[in-house]
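In what follows, a single structure is set out as structure tokens and then discussed.
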Amino acid sequence: MERTLFSQSETHFLHPNLHVNGHDPNMQSTNNQPQSSHTSTSRSSDSGEPTGDGKWASRILRECARAISNEDSGQIHNLLWMLNELASPYGDCDQKLASYFLQALFCKATESGQRCYKTLISVAEKSHSFDSARKLILKFQEVSPWTTFGHVASNGAILEALEGETKLHIIDISNTLCTQWPTFLEALATRNDETPRLKLTVVVTASIVRSVMKEIAQRMEKFARLMGVPFEFNVISGLNHLGELTKEGLGVQEDEAIAVNCIGALRRVEVEEREAVIRMLQSLHPRVVTIVEEEADFSSSRNDFVKCFEECLRFYTLYFEMLEDSFPPTSNERLMLERECSRSIVRVLACDDEQNGNVGDCERRERGIQWIERLKEAFSPISFSDDVVDDVKALLKRYKAGWALVLPKEDDPGTYLTWKEEPVVWASAWKP
């Protein structure tokens, strides 16, 4: 089965020369970025100053997290002051980590996490536009397979599961601004048999995405016409939680072949509600369910602040180092991605889940092995075919050295994207 799963169609869908003219109104020129007065240093002392290996941030941040856990107000004050002196969102990787984790630790120490998170979300929503989101997504996909890995793996599994069907209905539960689907439409258009009809129902789970869905719908419909694929686009938003979804609400018809695509969606479901959401997905009787999640565990340690902090610091240190390796130092896109992380870090470390209310999305990531235990209660795993694995390997060759595909051991479901031998994203496919 020949198909193209990663090509210029995503760029065609979002490229400014084809769809949008203008510049990003939300970011200043890199020449206008504030310059940090702090520079990397190799000094070392017992008072908490940077050490000779340059990796000072994690040590001071850990000390501060332990002080907060121990309610040691004097130590908290001293370490927060020290971090404030050394941190900068415009510095090196350590200074950036210190800056964003400082914000979360301060919110935790002052019990202001909910208020801070609401403010961060409000500011982000006011500055959010399709143009700024388009530029950010395209640049990230250009330099890193962090997101495109899941797109290619999921598209391959869905195409194979729905092969030969004439009426397809994909329920997309993600917040990827539909950047996954242009290559999928292109693959449908080049199938040897009759081009099927595609209904795409997008379930929006992040408030920041809702404002741009009208623009995305117009572009998706235009691209489908260009590809010659009969197409229907629907958006579902305003849900309190995914458990509210029903077959009727999703417009599922008896003669449709259903696929459910979840990219970074399940981590946004409150931990106690995850089994119920998985059962809801099972009730849709899909041919395939694709799951893509980042490889971190913010769930099992959520009642132990220090352990949760350690895992959060491990994951975001890896992510920030990846961004540093992928982008030039003065990249606006890199800065925007790091700012997105700051909201997640505050949400994980400084917001009480039990008092969450409507403060925002859950950010309780789980590792692939944890999702497997949940999913196998309702589904059976589908192995990625050799064709899909080859497509993913071909994708990774487009990027810098350091990225790799790690296939599961024995019969473990899914596959992992690794960066410098560290697993960072897990992708899998399932059937009822």
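Numbering starts fresh at 1 for the residues of each chain in the structure tokens, the chains themselves are lettered A, B, ... in the order given, and ligands are numbered from 1 as they appear.
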
Excluding Leu198 of chain A and residues on its chain fewer than 2 positions from it, collect all residues at most 9 Å away from it, counting only C-alpha atoms, and give them as a list of chain:residue names.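 Those residues are A:Thr166, A:Lys167, A:Leu168, A:His169, A:Ile170, A:Leu185, A:Pro196, A:Leu200, A:Val229, A:Pro230, A:Phe231, A:Glu232, A:Phe233.
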
For segment 415-432 of chain A, find every residue with an atom within 8 Å (counting only C-alpha atoms), except residues of its own chain fewer than 3 positions away, and show them as a PyMOL selection string. chain A and resi 146+149-150+153-154+157+282+285-296+322+367-368+378-384+402-408

Separation of atom CA of Glu338 of chain A from atom CA of Ala401 of chain A in Å: 22.1 Å

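If you measure from each of A:Arg274, A:Lys222, A:Arg191, A:Arg334 to Phe140 of chain A using only C-alpha atoms, the closest one turns out to be A:Arg334.
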
Nearest to Ser127 of chain A, restricted to only C-alpha atoms and choosing among A:Gly414, A:Gln253, A:Lys214, A:Val209, comes out as A:Val209

Mind the document's chain letters and residue numbers, and return as a list of chain:residue names the residues of segment 391-420 of chain A that DSSP labels strand (DSSP E).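 Listing strand (DSSP E) positions across segment 391-420 of chain A yields A:Trp403, A:Ala404, A:Leu405, A:Val406, A:Thr415, A:Tyr416, A:Leu417, A:Thr418, A:Trp419.
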
Write a file of the just-selected residues containing all heavy atoms, as a PDB file, in the first residue's frame.
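This went into selection_33.pdb:
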ATOM      1  N   TRP A 403      17.631  11.624  17.401  1.00  0.00           N
ATOM      2  CA  TRP A 403      16.273  11.082  17.479  1.00  0.00           C
ATOM      3  C   TRP A 403      16.279   9.622  17.027  1.00  0.00           C
ATOM      4  O   TRP A 403      16.998   9.244  16.105  1.00  0.00           O
ATOM      5  CB  TRP A 403      15.324  11.877  16.593  1.00  0.00           C
ATOM      6  CG  TRP A 403      15.164  13.297  17.008  1.00  0.00           C
ATOM      7  CD1 TRP A 403      15.766  14.390  16.462  1.00  0.00           C
ATOM      8  CD2 TRP A 403      14.343  13.788  18.073  1.00  0.00           C
ATOM      9  NE1 TRP A 403      15.371  15.543  17.118  1.00  0.00           N
ATOM     10  CE2 TRP A 403      14.496  15.195  18.111  1.00  0.00           C
ATOM     11  CE3 TRP A 403      13.495  13.179  18.995  1.00  0.00           C
ATOM     12  CZ2 TRP A 403      13.836  15.987  19.045  1.00  0.00           C
ATOM     13  CZ3 TRP A 403      12.836  13.973  19.910  1.00  0.00           C
ATOM     14  CH2 TRP A 403      13.004  15.359  19.925  1.00  0.00           C
ATOM     15  N   ALA A 404      15.450   8.809  17.667  1.00  0.00           N
ATOM     16  CA  ALA A 404      15.380   7.395  17.291  1.00  0.00           C
ATOM     17  C   ALA A 404      14.001   6.841  17.614  1.00  0.00           C
ATOM     18  O   ALA A 404      13.262   7.384  18.442  1.00  0.00           O
ATOM     19  CB  ALA A 404      16.456   6.589  18.014  1.00  0.00           C
ATOM     20  N   LEU A 405      13.669   5.766  16.944  1.00  0.00           N
ATOM     21  CA  LEU A 405      12.444   5.013  17.186  1.00  0.00           C
ATOM     22  C   LEU A 405      12.808   3.751  17.946  1.00  0.00           C
ATOM     23  O   LEU A 405      13.677   2.995  17.514  1.00  0.00           O
ATOM     24  CB  LEU A 405      11.780   4.670  15.855  1.00  0.00           C
ATOM     25  CG  LEU A 405      10.549   3.773  15.904  1.00  0.00           C
ATOM     26  CD1 LEU A 405       9.383   4.510  16.541  1.00  0.00           C
ATOM     27  CD2 LEU A 405      10.183   3.303  14.497  1.00  0.00           C
ATOM     28  N   VAL A 406      12.160   3.524  19.080  1.00  0.00           N
ATOM     29  CA  VAL A 406      12.416   2.325  19.877  1.00  0.00           C
ATOM     30  C   VAL A 406      11.160   1.472  19.876  1.00  0.00           C
ATOM     31  O   VAL A 406      10.116   1.889  20.389  1.00  0.00           O
ATOM     32  CB  VAL A 406      12.837   2.683  21.317  1.00  0.00           C
ATOM     33  CG1 VAL A 406      12.974   1.413  22.151  1.00  0.00           C
ATOM     34  CG2 VAL A 406      14.146   3.462  21.313  1.00  0.00           C
ATOM     35  N   THR A 415       5.045   2.251  20.564  1.00  0.00           N
ATOM     36  CA  THR A 415       6.434   2.505  20.223  1.00  0.00           C
ATOM     37  C   THR A 415       6.833   3.851  20.801  1.00  0.00           C
ATOM     38  O   THR A 415       5.978   4.706  21.066  1.00  0.00           O
ATOM     39  CB  THR A 415       6.622   2.477  18.692  1.00  0.00           C
ATOM     40  OG1 THR A 415       8.002   2.591  18.380  1.00  0.00           O
ATOM     41  CG2 THR A 415       5.872   3.628  18.034  1.00  0.00           C
ATOM     42  N   TYR A 416       8.127   4.043  20.994  1.00  0.00           N
ATOM     43  CA  TYR A 416       8.622   5.254  21.657  1.00  0.00           C
ATOM     44  C   TYR A 416       9.497   6.075  20.726  1.00  0.00           C
ATOM     45  O   TYR A 416      10.312   5.530  19.976  1.00  0.00           O
ATOM     46  CB  TYR A 416       9.452   4.882  22.891  1.00  0.00           C
ATOM     47  CG  TYR A 416       8.647   4.306  24.026  1.00  0.00           C
ATOM     48  CD1 TYR A 416       8.452   2.935  24.127  1.00  0.00           C
ATOM     49  CD2 TYR A 416       8.089   5.127  25.002  1.00  0.00           C
ATOM     50  CE1 TYR A 416       7.710   2.395  25.171  1.00  0.00           C
ATOM     51  CE2 TYR A 416       7.350   4.603  26.046  1.00  0.00           C
ATOM     52  CZ  TYR A 416       7.160   3.232  26.127  1.00  0.00           C
ATOM     53  OH  TYR A 416       6.425   2.701  27.159  1.00  0.00           O
ATOM     54  N   LEU A 417       9.330   7.376  20.804  1.00  0.00           N
ATOM     55  CA  LEU A 417      10.281   8.319  20.235  1.00  0.00           C
ATOM     56  C   LEU A 417      11.279   8.654  21.331  1.00  0.00           C
ATOM     57  O   LEU A 417      10.892   9.001  22.451  1.00  0.00           O
ATOM     58  CB  LEU A 417       9.568   9.594  19.784  1.00  0.00           C
ATOM     59  CG  LEU A 417      10.472  10.742  19.317  1.00  0.00           C
ATOM     60  CD1 LEU A 417      11.162  10.391  18.002  1.00  0.00           C
ATOM     61  CD2 LEU A 417       9.669  12.037  19.173  1.00  0.00           C
ATOM     62  N   THR A 418      12.569   8.523  21.013  1.00  0.00           N
ATOM     63  CA  THR A 418      13.590   8.864  21.995  1.00  0.00           C
ATOM     64  C   THR A 418      14.447  10.016  21.479  1.00  0.00           C
ATOM     65  O   THR A 418      14.631  10.183  20.268  1.00  0.00           O
ATOM     66  CB  THR A 418      14.505   7.667  22.314  1.00  0.00           C
ATOM     67  OG1 THR A 418      15.271   7.323  21.133  1.00  0.00           O
ATOM     68  CG2 THR A 418      13.705   6.471  22.760  1.00  0.00           C
ATOM     69  N   TRP A 419      14.957  10.789  22.412  1.00  0.00           N
ATOM     70  CA  TRP A 419      15.914  11.849  22.105  1.00  0.00           C
ATOM     71  C   TRP A 419      17.139  11.633  22.986  1.00  0.00           C
ATOM     72  O   TRP A 419      17.022  11.613  24.209  1.00  0.00           O
ATOM     73  CB  TRP A 419      15.309  13.229  22.363  1.00  0.00           C
ATOM     74  CG  TRP A 419      16.233  14.339  21.949  1.00  0.00           C
ATOM     75  CD1 TRP A 419      16.560  14.707  20.672  1.00  0.00           C
ATOM     76  CD2 TRP A 419      16.955  15.219  22.818  1.00  0.00           C
ATOM     77  NE1 TRP A 419      17.435  15.764  20.693  1.00  0.00           N
ATOM     78  CE2 TRP A 419      17.710  16.096  21.991  1.00  0.00           C
ATOM     79  CE3 TRP A 419      17.040  15.347  24.198  1.00  0.00           C
ATOM     80  CZ2 TRP A 419      18.523  17.088  22.521  1.00  0.00           C
ATOM     81  CZ3 TRP A 419      17.863  16.334  24.726  1.00  0.00           C
ATOM     82  CH2 TRP A 419      18.582  17.192  23.890  1.00  0.00           C
TER      83      TRP A 419
END

If we count only C-alpha atoms and set the cut-off at 9 Å, which residues sit around Glu63 of chain A, ignoring sequence neighbours fewer than 6 positions away in its own chain? Please answer as a VMD selection string. chain A and resid 75 to 76 79

Give me the residues within 10 Å of segment 271-273 of chain A as a count of residues only, counting only C-alpha atoms and dropping any in the same chain fewer than 6 places off. 11

Could you check the closest approach to Ala394 of chain A for each of A:Leu281, A:Val152, A:Ala206, A:Leu80 and tell me which residue wins, using only C-alpha atoms?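 For Ala394 of chain A, the nearest of the candidates is A:Val152.
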
Find, counting only C-alpha atoms, the residue in A:Lys108, A:Lys96, A:Arg398, A:Lys139 that gets nearest to Tyr319 of chain A.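 With only C-alpha atoms as the atom set, the closest residue is A:Lys96.
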